[in-house]
file coords23.txt (compact mmCIF, C-alpha atoms and all ligand atoms)
# COMPACT_ATOMS: atom_id res chain seq x y z
CA MET B 1 23.57 -22.50 135.63
CA GLU B 2 24.35 -19.38 137.62
CA LEU B 3 25.43 -20.26 141.16
CA PHE B 4 22.57 -18.53 142.94
CA GLU B 5 20.19 -20.50 140.69
CA LEU B 6 21.81 -23.69 142.04
CA VAL B 7 21.00 -22.57 145.60
CA LYS B 8 17.39 -21.90 144.62
CA ALA B 9 17.18 -25.30 142.92
CA ALA B 10 18.66 -26.90 146.06
CA GLN B 11 16.03 -25.17 148.19
CA LYS B 12 13.27 -26.78 146.06
CA ARG B 13 14.99 -30.16 146.18
CA ILE B 14 15.33 -30.29 149.99
CA GLU B 15 11.82 -28.91 150.61
CA GLY B 16 9.82 -31.35 152.72
CA HIS B 17 12.99 -33.30 153.59
CA ALA B 18 15.15 -30.79 155.51
CA HIS B 19 13.66 -28.69 158.29
CA VAL B 20 13.14 -24.97 157.74
CA THR B 21 14.96 -24.14 160.98
CA PRO B 22 13.79 -21.36 163.30
CA VAL B 23 15.32 -17.87 163.49
CA MET B 24 15.82 -16.69 167.08
CA THR B 25 16.77 -13.43 168.74
CA SER B 26 18.06 -12.37 172.17
CA ARG B 27 16.88 -9.17 173.82
CA THR B 28 19.90 -9.38 176.15
CA LEU B 29 22.35 -9.53 173.26
CA ASN B 30 20.58 -6.77 171.32
CA ASP B 31 20.70 -4.51 174.40
CA MET B 32 24.38 -5.40 174.98
CA THR B 33 25.42 -4.62 171.40
CA GLY B 34 22.94 -2.03 170.14
CA ALA B 35 22.50 -4.25 167.07
CA GLN B 36 19.67 -6.56 166.02
CA VAL B 37 21.00 -10.11 165.86
CA PHE B 38 19.16 -12.95 164.09
CA PHE B 39 20.32 -16.52 164.77
CA LYS B 40 19.64 -19.17 162.11
CA CYS B 41 19.31 -22.28 164.29
CA GLU B 42 20.83 -25.16 162.33
CA ASN B 43 21.35 -26.93 165.64
CA PHE B 44 17.68 -27.84 165.08
CA GLN B 45 18.35 -29.21 161.57
CA ARG B 46 17.90 -32.98 161.01
CA MET B 47 20.84 -34.88 162.56
CA GLY B 48 21.73 -31.66 164.37
CA ALA B 49 23.65 -29.64 161.78
CA PHE B 50 23.35 -27.89 158.40
CA LYS B 51 25.28 -30.77 156.74
CA PHE B 52 21.96 -32.49 156.00
CA ARG B 53 21.26 -29.78 153.40
CA GLY B 54 24.32 -30.39 151.26
CA ALA B 55 24.21 -34.16 151.61
CA PHE B 56 20.56 -34.30 150.54
CA ASN B 57 21.09 -31.91 147.65
CA ALA B 58 24.09 -33.88 146.37
CA MET B 59 22.80 -37.43 146.92
CA SER B 60 19.32 -36.82 145.51
CA GLN B 61 20.94 -35.81 142.19
CA LEU B 62 22.87 -39.06 141.71
CA THR B 63 21.83 -41.25 138.79
CA GLU B 64 19.86 -44.45 139.48
CA GLU B 65 23.00 -46.41 138.65
CA GLN B 66 25.08 -44.41 141.17
CA LYS B 67 22.36 -44.78 143.81
CA LYS B 68 22.35 -48.54 143.29
CA ARG B 69 26.12 -48.78 143.77
CA GLY B 70 26.09 -46.70 146.94
CA VAL B 71 28.13 -43.78 148.19
CA ILE B 72 31.21 -43.35 150.27
CA THR B 73 32.58 -40.55 152.38
CA TYR B 74 35.33 -39.80 154.87
CA SER B 75 34.52 -37.85 158.03
CA SER B 76 34.00 -38.77 161.62
CA GLY B 77 31.72 -35.83 162.31
CA ASN B 78 28.49 -34.26 161.16
CA HIS B 79 28.98 -34.94 157.45
CA ALA B 80 29.20 -38.69 158.09
CA GLN B 81 25.91 -38.64 159.97
CA ALA B 82 24.29 -36.50 157.29
CA VAL B 83 25.34 -38.89 154.51
CA ALA B 84 24.18 -41.88 156.56
CA LEU B 85 20.76 -40.35 157.27
CA VAL B 86 20.21 -39.17 153.69
CA GLY B 87 21.22 -42.63 152.49
CA ARG B 88 18.57 -44.19 154.70
CA LEU B 89 15.91 -41.73 153.47
CA LEU B 90 16.75 -42.24 149.78
CA GLY B 91 17.50 -45.97 149.99
CA ILE B 92 21.18 -45.56 149.12
CA ARG B 93 23.84 -47.75 150.73
CA THR B 94 26.46 -45.63 152.54
CA VAL B 95 30.00 -46.39 153.60
CA VAL B 96 31.88 -44.07 155.95
CA VAL B 97 35.65 -44.32 156.21
CA MET B 98 36.92 -43.47 159.70
CA PRO B 99 40.29 -43.83 161.39
CA ASP B 100 40.51 -46.81 163.77
CA ASN B 101 41.14 -44.34 166.61
CA ALA B 102 37.90 -42.36 166.04
CA PRO B 103 35.79 -42.11 169.21
CA VAL B 104 33.50 -45.11 169.62
CA ILE B 105 30.45 -42.86 170.09
CA LYS B 106 31.01 -41.25 166.68
CA ARG B 107 31.30 -44.64 165.05
CA GLU B 108 28.16 -45.86 166.77
CA ALA B 109 26.18 -42.71 165.93
CA THR B 110 27.08 -43.08 162.26
CA GLU B 111 26.15 -46.77 162.29
CA ALA B 112 22.89 -45.97 164.06
CA TYR B 113 21.92 -43.76 161.10
CA GLY B 114 22.47 -46.79 158.88
CA ALA B 115 25.97 -46.46 157.39
CA SER B 116 28.65 -49.16 157.39
CA VAL B 117 31.86 -47.91 158.91
CA VAL B 118 35.18 -48.97 157.40
CA GLY B 119 38.15 -48.38 159.68
CA TYR B 120 41.73 -47.67 158.64
CA ASN B 121 45.04 -47.18 160.35
CA PRO B 122 45.98 -43.51 159.92
CA ASP B 123 49.67 -44.36 160.45
CA GLU B 124 49.64 -46.65 157.42
CA THR B 125 47.35 -45.01 154.89
CA THR B 126 45.20 -41.92 154.20
CA ARG B 127 41.45 -41.69 154.06
CA GLU B 128 41.67 -40.45 150.49
CA ASP B 129 43.52 -43.63 149.45
CA ILE B 130 41.01 -45.88 151.22
CA CYS B 131 38.14 -44.04 149.54
CA ARG B 132 39.76 -44.24 146.10
CA ASP B 133 40.33 -47.97 146.58
CA LEU B 134 36.68 -48.56 147.53
CA GLU B 135 35.49 -46.33 144.67
CA ASN B 136 37.53 -48.39 142.23
CA ARG B 137 36.60 -51.79 143.61
CA HIS B 138 32.86 -51.28 144.24
CA GLY B 139 31.93 -48.29 142.09
CA HIS B 140 30.85 -46.22 145.08
CA THR B 141 30.42 -42.49 144.45
CA LEU B 142 32.37 -40.18 146.75
CA VAL B 143 30.27 -37.50 148.48
CA PRO B 144 32.88 -35.07 149.86
CA PRO B 145 32.17 -32.97 152.97
CA TYR B 146 32.54 -29.54 151.34
CA ASP B 147 34.46 -29.43 148.08
CA HIS B 148 31.65 -30.05 145.59
CA ILE B 149 29.31 -27.57 143.97
CA ASN B 150 26.16 -29.53 144.92
CA ILE B 151 27.28 -29.61 148.55
CA VAL B 152 28.01 -25.86 148.46
CA ALA B 153 24.61 -25.09 146.89
CA GLY B 154 22.83 -27.18 149.53
CA GLN B 155 24.62 -25.46 152.42
CA GLY B 156 23.72 -22.08 150.89
CA THR B 157 20.03 -22.77 151.48
CA ALA B 158 20.60 -21.95 155.17
CA ALA B 159 21.35 -18.30 154.31
CA LYS B 160 18.64 -18.25 151.63
CA GLU B 161 16.03 -19.27 154.21
CA LEU B 162 17.35 -16.76 156.73
CA LEU B 163 17.05 -13.88 154.25
CA ASP B 164 13.65 -15.14 153.04
CA GLU B 165 12.50 -14.74 156.64
CA VAL B 166 14.24 -11.59 157.95
CA GLU B 167 14.40 -9.87 154.51
CA LYS B 168 17.25 -7.47 155.15
CA LEU B 169 20.67 -7.98 156.76
CA ASP B 170 23.68 -5.65 156.96
CA VAL B 171 26.09 -8.46 157.71
CA LEU B 172 26.06 -12.26 157.91
CA LEU B 173 28.54 -14.20 160.09
CA VAL B 174 29.26 -17.79 159.03
CA PRO B 175 31.57 -20.43 160.59
CA CYS B 176 34.30 -21.67 158.25
CA GLY B 177 36.04 -25.06 158.10
CA GLY B 178 36.47 -26.29 154.51
CA GLY B 179 34.33 -23.38 153.36
CA GLY B 180 31.29 -25.23 152.02
CA LEU B 181 28.87 -23.48 154.35
CA LEU B 182 30.60 -20.11 153.98
CA SER B 183 30.80 -20.08 150.18
CA GLY B 184 27.23 -21.37 149.78
CA CYS B 185 25.86 -18.81 152.22
CA ALA B 186 27.85 -16.03 150.53
CA VAL B 187 26.47 -16.94 147.09
CA ALA B 188 22.95 -17.03 148.54
CA ALA B 189 23.27 -13.78 150.49
CA LYS B 190 24.74 -11.85 147.54
CA GLY B 191 22.06 -13.29 145.26
CA MET B 192 19.32 -12.16 147.63
CA GLN B 193 20.75 -8.82 148.65
CA SER B 194 24.05 -7.59 147.21
CA THR B 195 24.60 -5.08 150.05
CA CYS B 196 24.76 -7.79 152.74
CA ARG B 197 28.39 -8.18 153.88
CA VAL B 198 29.41 -11.80 154.46
CA ILE B 199 32.16 -12.54 157.00
CA GLY B 200 33.67 -15.99 157.58
CA ILE B 201 34.69 -16.86 161.15
CA GLU B 202 37.49 -19.26 162.11
CA PRO B 203 39.26 -20.24 165.32
CA GLU B 204 42.48 -18.25 165.75
CA VAL B 205 44.45 -21.53 166.03
CA ALA B 206 42.91 -22.81 162.76
CA ASP B 207 43.26 -19.67 160.66
CA ASP B 208 44.17 -21.28 157.32
CA ALA B 209 41.19 -19.77 155.46
CA THR B 210 41.83 -16.30 156.92
CA LYS B 211 45.44 -16.45 155.69
CA SER B 212 44.34 -17.85 152.34
CA PHE B 213 41.76 -15.08 151.98
CA HIS B 214 44.26 -12.31 152.71
CA THR B 215 47.12 -13.66 150.59
CA GLY B 216 45.17 -15.23 147.70
CA LYS B 217 47.29 -18.37 148.19
CA LEU B 218 46.01 -21.56 149.76
CA HIS B 219 47.27 -22.00 153.33
CA THR B 220 47.03 -25.21 155.34
CA VAL B 221 46.88 -25.84 159.11
CA LYS B 222 47.11 -29.53 160.02
CA ASN B 223 45.30 -30.87 163.14
CA PRO B 224 44.71 -27.46 164.75
CA PRO B 225 44.17 -27.69 168.53
CA THR B 226 40.73 -26.07 168.58
CA ILE B 227 37.65 -27.12 170.53
CA ALA B 228 35.65 -26.33 167.38
CA ASP B 229 36.06 -29.79 165.85
CA GLY B 230 33.87 -29.03 162.80
CA THR B 231 36.49 -26.53 161.61
CA ARG B 232 39.60 -28.71 161.99
CA THR B 233 39.76 -29.28 158.20
CA PRO B 234 43.29 -28.43 157.00
CA SER B 235 42.33 -25.99 154.21
CA LEU B 236 39.72 -24.63 151.84
CA GLY B 237 39.16 -26.75 148.73
CA ASN B 238 39.54 -26.40 144.96
CA VAL B 239 35.87 -25.50 144.65
CA THR B 240 35.41 -23.47 147.83
CA PHE B 241 38.60 -21.34 147.79
CA PRO B 242 37.78 -19.41 144.57
CA LEU B 243 34.19 -18.95 145.77
CA VAL B 244 35.36 -17.57 149.11
CA LEU B 245 37.68 -15.14 147.29
CA GLU B 246 34.89 -14.01 144.97
CA TYR B 247 31.85 -13.82 147.26
CA VAL B 248 33.08 -13.32 150.83
CA ASP B 249 33.82 -9.80 152.14
CA GLY B 250 36.10 -10.65 155.06
CA MET B 251 37.47 -13.30 157.41
CA LYS B 252 37.87 -12.91 161.19
CA THR B 253 39.30 -15.20 163.86
CA VAL B 254 38.16 -15.92 167.41
CA THR B 255 39.94 -17.22 170.50
CA GLU B 256 39.13 -20.52 172.20
CA LYS B 257 37.88 -18.52 175.20
CA ALA B 258 35.45 -16.53 173.03
CA ILE B 259 34.14 -19.79 171.53
CA MET B 260 33.50 -21.21 175.00
CA ASP B 261 31.87 -17.97 176.17
CA ALA B 262 29.56 -18.14 173.15
CA VAL B 263 28.53 -21.75 173.86
CA LYS B 264 27.78 -20.73 177.47
CA PHE B 265 25.80 -17.64 176.43
CA LEU B 266 23.68 -19.68 174.02
CA LEU B 267 22.92 -22.28 176.69
CA TYR B 268 22.29 -20.02 179.67
CA ARG B 269 20.67 -17.02 177.95
CA MET B 270 18.92 -18.57 174.98
CA LYS B 271 18.48 -22.19 176.14
CA LEU B 272 20.15 -23.34 172.92
CA VAL B 273 22.52 -26.31 172.79
CA VAL B 274 25.17 -25.35 170.21
CA GLU B 275 28.47 -27.11 169.54
CA PRO B 276 31.70 -25.06 169.59
CA SER B 277 31.95 -24.87 165.76
CA GLY B 278 28.36 -23.69 165.65
CA ALA B 279 29.02 -20.81 168.04
CA LEU B 280 31.83 -19.10 166.06
CA GLY B 281 29.62 -16.26 164.80
CA LEU B 282 28.53 -15.26 168.28
CA ALA B 283 32.12 -15.72 169.52
CA ALA B 284 33.18 -13.06 166.99
CA ILE B 285 30.79 -10.60 168.62
CA LEU B 286 31.49 -11.53 172.27
CA GLY B 287 35.27 -11.48 171.65
CA SER B 288 35.11 -8.17 169.72
CA SER B 289 36.47 -9.63 166.46
CA VAL B 290 33.42 -8.15 164.74
CA LYS B 291 31.69 -4.96 165.84
CA PRO B 292 27.98 -5.62 165.25
CA LYS B 293 25.96 -2.84 163.64
CA GLY B 294 22.45 -2.79 162.26
CA ARG B 295 20.86 -6.11 161.33
CA VAL B 296 23.26 -8.99 161.89
CA GLY B 297 22.64 -12.61 160.81
CA ILE B 298 24.51 -15.45 162.50
CA VAL B 299 24.44 -19.07 161.33
CA LEU B 300 24.47 -21.38 164.38
CA SER B 301 25.75 -24.30 162.32
CA GLY B 302 25.18 -27.28 164.60
CA GLY B 303 24.34 -28.65 168.02
CA ASN B 304 26.19 -31.96 168.29
CA ILE B 305 28.20 -31.64 171.48
CA ASP B 306 28.92 -34.45 173.93
CA ALA B 307 28.29 -34.12 177.66
CA ALA B 308 31.98 -34.10 178.61
CA THR B 309 32.77 -31.19 176.27
CA MET B 310 29.74 -29.22 177.42
CA LYS B 311 30.69 -29.82 181.07
CA MET B 312 34.27 -28.71 180.42
CA ILE B 313 32.98 -25.50 178.81
CA LEU B 314 30.48 -24.75 181.58
CA ASP B 315 33.19 -25.33 184.21
CA SER B 316 35.69 -23.08 182.42
C1 LIG S 401 31.12 -28.95 159.03
C2 LIG S 401 30.79 -27.93 160.03
C3 LIG S 401 31.29 -26.60 159.95
C4 LIG S 401 32.23 -26.17 158.86
O1 LIG S 401 31.61 -26.26 157.57
P1 LIG S 401 32.50 -26.21 156.26
O2 LIG S 401 31.51 -26.33 155.14
O3 LIG S 401 33.47 -27.34 156.31
O4 LIG S 401 33.20 -24.90 156.27
C5 LIG S 401 30.89 -25.70 160.91
N1 LIG S 401 30.05 -26.04 161.91
C6 LIG S 401 29.56 -27.28 162.03
C7 LIG S 401 28.65 -27.58 163.15
C8 LIG S 401 29.91 -28.28 161.09
O5 LIG S 401 29.41 -29.52 161.21
call {"tool": "encode", "arguments": {"input": "coords23.txt", "output": "structure tokens"}}
result
Amino acid sequence: MELFELVKAAQKRIEGHAHVTPVMTSRTLNDMTGAQVFFKCENFQRMGAFKFRGAFNAMSQLTEEQKKRGVITYSSGNHAQAVALVGRLLGIRTVVVMPDNAPVIKREATEAYGASVVGYNPDETTREDICRDLENRHGHTLVPPYDHINIVAGQGTAAKELLDEVEKLDVLLVPCGGGGLLSGCAVAAKGMQSTCRVIGIEPEVADDATKSFHTGKLHTVKNPPTIADGTRTPSLGNVTFPLVLEYVDGMKTVTEKAIMDAVKFLLYRMKLVVEPSGALGLAAILGSSVKPKGRVGIVLSGGNIDAATMKMILDS
């Protein structure tokens, strides 16, 4: 099936399960920039981030046999919570592999959504090896955080909904970690309106995808020191890298200061709680990485921020 058709099919599949999140605007920002900015508020998605879309699209397509055996994933962030919640909704057992040193609150949040957490010592083994072992021993199906076409198609529904609602955009700004959200949104945006430019946004200190995009060779940045924890993935994937090269028009980076300024702006001016990774698109505008013109779409990808991080940002 053509890729855009997969996004449309995903939109049907998640209907009635995922929220159609609101699109918001800021008069202040429009006056500041002379552009018209439309925010797609995935901080209001179920479990607080767009990851619900991909997880639901992927897990609802498993065979009955796969559903019975359960699924496994590795992540300590939003993808883990998405898989856990979708598992509860669809009656699928979920196992989340997390390093023993993951924050207790992340572990508890994932367990609260109904997943079992399996810890491992990151000095002794890798999460991929633990997953492979559990796949082999129990027949669990791996649901990866971004590098799967059904995950990509699900994430793309965020841009599809945005364009369904606002109809025309000159440019769409999308945060980029492993590139699932970016490639899905690019496929959707080009399918809806081929003239819409799609720009991926990364932290400057985690610029692997920007380098990969410009050189055509896969670059890796391990454990980048960015506050945007949803984009700390080391590189694009086998599925997402070719899609980013084919469908995305550009990549831009933002400083840590611009990210924090964006989180502050969203809270104070728009009363929106957005996590640092979710604020990358606005950071690109506030930090002048992107000069906004015409009708600009921004995906606010998630809102899961703890009090200590928010306080640190507001005090900065
Ligand atoms: C996962 C995540 C991202 C990055 O998405 P990828 O598909 O890995 O590029 C950005 N923002 C938030 C809030 C996330 O949870």
call {"tool": "closest_residue", "arguments": {"input": "coords23.txt", "among": "B:Gly154, B:Asn101, B:Lys51, B:Leu62", "to": "Gln81 of chain B", "atoms": "all atoms listed in the file"}}
result
B:Lys51
call {"tool": "residues_near_point", "arguments": {"input": "coords23.txt", "point": "(27.0, -30.7, 145.8)", "cutoff": "9 Å", "atoms": "all atoms listed in the file", "output": "short mmCIF file (atom, residue, chain, number, x, y, z; two decimals) with C-alpha atoms, in the coordinates of the input"}}
result
data_model
loop_
_atom_site.label_atom_id
_atom_site.label_comp_id
_atom_site.auth_asym_id
_atom_site.auth_seq_id
_atom_site.Cartn_x
_atom_site.Cartn_y
_atom_site.Cartn_z
CA GLY B 54 24.32 -30.39 151.26
CA ALA B 55 24.21 -34.16 151.61
CA PHE B 56 20.56 -34.30 150.54
CA ASN B 57 21.09 -31.91 147.65
CA ALA B 58 24.09 -33.88 146.37
CA MET B 59 22.80 -37.43 146.92
CA GLN B 61 20.94 -35.81 142.19
CA VAL B 143 30.27 -37.50 148.48
CA PRO B 144 32.88 -35.07 149.86
CA TYR B 146 32.54 -29.54 151.34
CA ASP B 147 34.46 -29.43 148.08
CA HIS B 148 31.65 -30.05 145.59
CA ILE B 149 29.31 -27.57 143.97
CA ASN B 150 26.16 -29.53 144.92
CA ILE B 151 27.28 -29.61 148.55
CA VAL B 152 28.01 -25.86 148.46
CA ALA B 153 24.61 -25.09 146.89
CA GLY B 154 22.83 -27.18 149.53
CA GLN B 155 24.62 -25.46 152.42
#
call {"tool": "residues_around", "arguments": {"input": "coords23.txt", "residues": "Pro175 of chain B", "least_positions_apart": "5", "cutoff": "12 Å", "atoms": "all atoms listed in the file", "output": "PyMOL selection string"}}
result
chain B and resi 42+50+155+180-186+198-203+206-207+209-210+228-232+251-254+259+275-284+297-302
call {"tool": "closest_residue", "arguments": {"input": "coords23.txt", "among": "B:Val290, B:Met192, B:Leu245, B:Ala80", "to": "ligand LIG 401 (chain S)", "atoms": "all atoms listed in the file"}}
result
B:Ala80
call {"tool": "closest_residue", "arguments": {"input": "coords23.txt", "among": "B:Thr126, B:Thr309, B:Gln66, B:Ser75", "to": "ligand LIG 401 (chain S)", "atoms": "all atoms listed in the file"}}
result
B:Ser75
call {"tool": "residues_around", "arguments": {"input": "coords23.txt", "residues": "Gly294 of chain B", "least_positions_apart": "3", "cutoff": "8 Å", "atoms": "all atoms listed in the file", "output": "number ranges by chain"}}
result
B: 34-36, 169-170
call {"tool": "closest_residue", "arguments": {"input": "coords23.txt", "among": "B:Met312, B:Arg53, B:Arg269, B:Leu172", "to": "Ile227 of chain B", "atoms": "all atoms listed in the file"}}
result
B:Met312
call {"tool": "residues_around", "arguments": {"input": "coords23.txt", "residues": "Lys168 of chain B", "least_positions_apart": "3", "cutoff": "10 Å", "atoms": "only C-alpha atoms", "output": "list in words"}}
result
Leu162, Leu163, Asp164, Glu165, Val171, Ala189, Met192, Gln193, Thr195, Cys196, Gly294, Arg295, Val296 and Gly297 of chain B
call {"tool": "closest_residue", "arguments": {"input": "coords23.txt", "among": "B:Ala308, B:Ala188, B:Met260, B:Val174", "to": "ligand LIG 401 (chain S)", "atoms": "all atoms listed in the file"}}
result
B:Val174
call {"tool": "residues_around", "arguments": {"input": "coords23.txt", "residues": "Gly91 of chain B", "least_positions_apart": "6", "cutoff": "12 Å", "atoms": "only C-alpha atoms", "output": "MDAnalysis selection string"}}
result
chainID B and resid 59:60 64 66:71 83:85 114:115
call {"tool": "write_last_selection", "arguments": {"input": "coords23.txt", "atoms": "C-alpha atoms", "output": "mmCIF file, in the frame of the given file"}}
result
data_model
loop_
_atom_site.group_PDB
_atom_site.id
_atom_site.type_symbol
_atom_site.label_atom_id
_atom_site.label_comp_id
_atom_site.auth_asym_id
_atom_site.auth_seq_id
_atom_site.Cartn_x
_atom_site.Cartn_y
_atom_site.Cartn_z
ATOM 1 C CA MET B 59 22.800 -37.430 146.920
ATOM 2 C CA SER B 60 19.320 -36.820 145.510
ATOM 3 C CA GLU B 64 19.860 -44.450 139.480
ATOM 4 C CA GLN B 66 25.080 -44.410 141.170
ATOM 5 C CA LYS B 67 22.360 -44.780 143.810
ATOM 6 C CA LYS B 68 22.350 -48.540 143.290
ATOM 7 C CA ARG B 69 26.120 -48.780 143.770
ATOM 8 C CA GLY B 70 26.090 -46.700 146.940
ATOM 9 C CA VAL B 71 28.130 -43.780 148.190
ATOM 10 C CA VAL B 83 25.340 -38.890 154.510
ATOM 11 C CA ALA B 84 24.180 -41.880 156.560
ATOM 12 C CA LEU B 85 20.760 -40.350 157.270
ATOM 13 C CA GLY B 114 22.470 -46.790 158.880
ATOM 14 C CA ALA B 115 25.970 -46.460 157.390
#
call {"tool": "atom_distance", "arguments": {"input": "coords23.txt", "atom1": "atom CA of Thr94 of chain B", "atom2": "atom CA of Val221 of chain B"}}
result
29.2 Å
call {"tool": "residues_around", "arguments": {"input": "coords23.txt", "residues": "Phe213 of chain B", "least_positions_apart": "4", "cutoff": "10 Å", "atoms": "all atoms listed in the file", "output": "list in words"}}
result
Gly200, Asp207, Asp208, Ala209, Lys217, Leu218, His219, Leu236, Phe241, Pro242, Val244, Leu245, Glu246, Val248, Asp249, Gly250 and Met251 of chain B
call {"tool": "closest_residue", "arguments": {"input": "coords23.txt", "among": "B:His79, B:His138, B:Lys40, B:Lys12", "to": "ligand LIG 401 (chain S)", "atoms": "only C-alpha atoms and all ligand atoms"}}
result
B:His79
call {"tool": "atom_distance", "arguments": {"input": "coords23.txt", "atom1": "atom CA of Lys311 of chain B", "atom2": "atom CA of Gly48 of chain B"}}
result
19.0 Å
call {"tool": "atom_distance", "arguments": {"input": "coords23.txt", "atom1": "atom CA of Ala18 of chain B", "atom2": "atom CA of Gly156 of chain B"}}
result
13.1 Å
call {"tool": "residues_near_point", "arguments": {"input": "coords23.txt", "point": "(33.1, -48.7, 146.3)", "cutoff": "10 Å", "atoms": "all atoms listed in the file", "output": "PyMOL selection string"}}
result
chain B and resi 69-72+94-95+130-142
call {"tool": "build_atoms", "arguments": {"input": "coords23.txt", "residues": "segment 306-312 of chain B", "atoms": "all heavy atoms", "output": "PDB file, in the coordinates of the input"}}
result
ATOM      1  N   ASP B 306      29.080 -33.387 172.932  1.00  0.00           N
ATOM      2  CA  ASP B 306      28.920 -34.450 173.930  1.00  0.00           C
ATOM      3  C   ASP B 306      28.937 -33.842 175.334  1.00  0.00           C
ATOM      4  O   ASP B 306      29.361 -32.701 175.536  1.00  0.00           O
ATOM      5  CB  ASP B 306      29.963 -35.550 173.765  1.00  0.00           C
ATOM      6  CG  ASP B 306      31.374 -35.007 173.863  1.00  0.00           C
ATOM      7  OD1 ASP B 306      31.717 -34.461 174.927  1.00  0.00           O
ATOM      8  OD2 ASP B 306      32.118 -35.125 172.882  1.00  0.00           O
ATOM      9  N   ALA B 307      28.466 -34.622 176.291  1.00  0.00           N
ATOM     10  CA  ALA B 307      28.290 -34.120 177.660  1.00  0.00           C
ATOM     11  C   ALA B 307      29.610 -33.678 178.270  1.00  0.00           C
ATOM     12  O   ALA B 307      29.676 -32.654 178.953  1.00  0.00           O
ATOM     13  CB  ALA B 307      27.624 -35.195 178.523  1.00  0.00           C
ATOM     14  N   ALA B 308      30.682 -34.426 177.993  1.00  0.00           N
ATOM     15  CA  ALA B 308      31.980 -34.100 178.610  1.00  0.00           C
ATOM     16  C   ALA B 308      32.480 -32.740 178.110  1.00  0.00           C
ATOM     17  O   ALA B 308      32.998 -31.935 178.901  1.00  0.00           O
ATOM     18  CB  ALA B 308      32.994 -35.199 178.289  1.00  0.00           C
ATOM     19  N   THR B 309      32.327 -32.481 176.817  1.00  0.00           N
ATOM     20  CA  THR B 309      32.770 -31.190 176.270  1.00  0.00           C
ATOM     21  C   THR B 309      31.917 -30.060 176.819  1.00  0.00           C
ATOM     22  O   THR B 309      32.444 -29.009 177.214  1.00  0.00           O
ATOM     23  CB  THR B 309      32.694 -31.218 174.722  1.00  0.00           C
ATOM     24  OG1 THR B 309      33.426 -32.337 174.244  1.00  0.00           O
ATOM     25  CG2 THR B 309      33.257 -29.939 174.127  1.00  0.00           C
ATOM     26  N   MET B 310      30.609 -30.264 176.878  1.00  0.00           N
ATOM     27  CA  MET B 310      29.740 -29.220 177.420  1.00  0.00           C
ATOM     28  C   MET B 310      30.098 -28.938 178.879  1.00  0.00           C
ATOM     29  O   MET B 310      30.200 -27.786 179.300  1.00  0.00           O
ATOM     30  CB  MET B 310      28.262 -29.620 177.290  1.00  0.00           C
ATOM     31  CG  MET B 310      27.296 -28.567 177.791  1.00  0.00           C
ATOM     32  SD  MET B 310      27.425 -26.972 176.915  1.00  0.00           S
ATOM     33  CE  MET B 310      26.076 -27.103 175.746  1.00  0.00           C
ATOM     34  N   LYS B 311      30.352 -30.004 179.652  1.00  0.00           N
ATOM     35  CA  LYS B 311      30.690 -29.820 181.070  1.00  0.00           C
ATOM     36  C   LYS B 311      31.997 -29.045 181.207  1.00  0.00           C
ATOM     37  O   LYS B 311      32.093 -28.116 182.006  1.00  0.00           O
ATOM     38  CB  LYS B 311      30.815 -31.188 181.758  1.00  0.00           C
ATOM     39  CG  LYS B 311      31.192 -31.076 183.230  1.00  0.00           C
ATOM     40  CD  LYS B 311      31.098 -32.407 183.953  1.00  0.00           C
ATOM     41  CE  LYS B 311      31.256 -32.231 185.465  1.00  0.00           C
ATOM     42  NZ  LYS B 311      32.370 -31.372 185.867  1.00  0.00           N
ATOM     43  N   MET B 312      32.979 -29.406 180.382  1.00  0.00           N
ATOM     44  CA  MET B 312      34.270 -28.710 180.420  1.00  0.00           C
ATOM     45  C   MET B 312      34.075 -27.216 180.126  1.00  0.00           C
ATOM     46  O   MET B 312      34.658 -26.365 180.803  1.00  0.00           O
ATOM     47  CB  MET B 312      35.187 -29.367 179.369  1.00  0.00           C
ATOM     48  CG  MET B 312      36.632 -28.985 179.455  1.00  0.00           C
ATOM     49  SD  MET B 312      36.984 -27.580 178.438  1.00  0.00           S
ATOM     50  CE  MET B 312      37.092 -28.355 176.839  1.00  0.00           C
TER      51      MET B 312
END
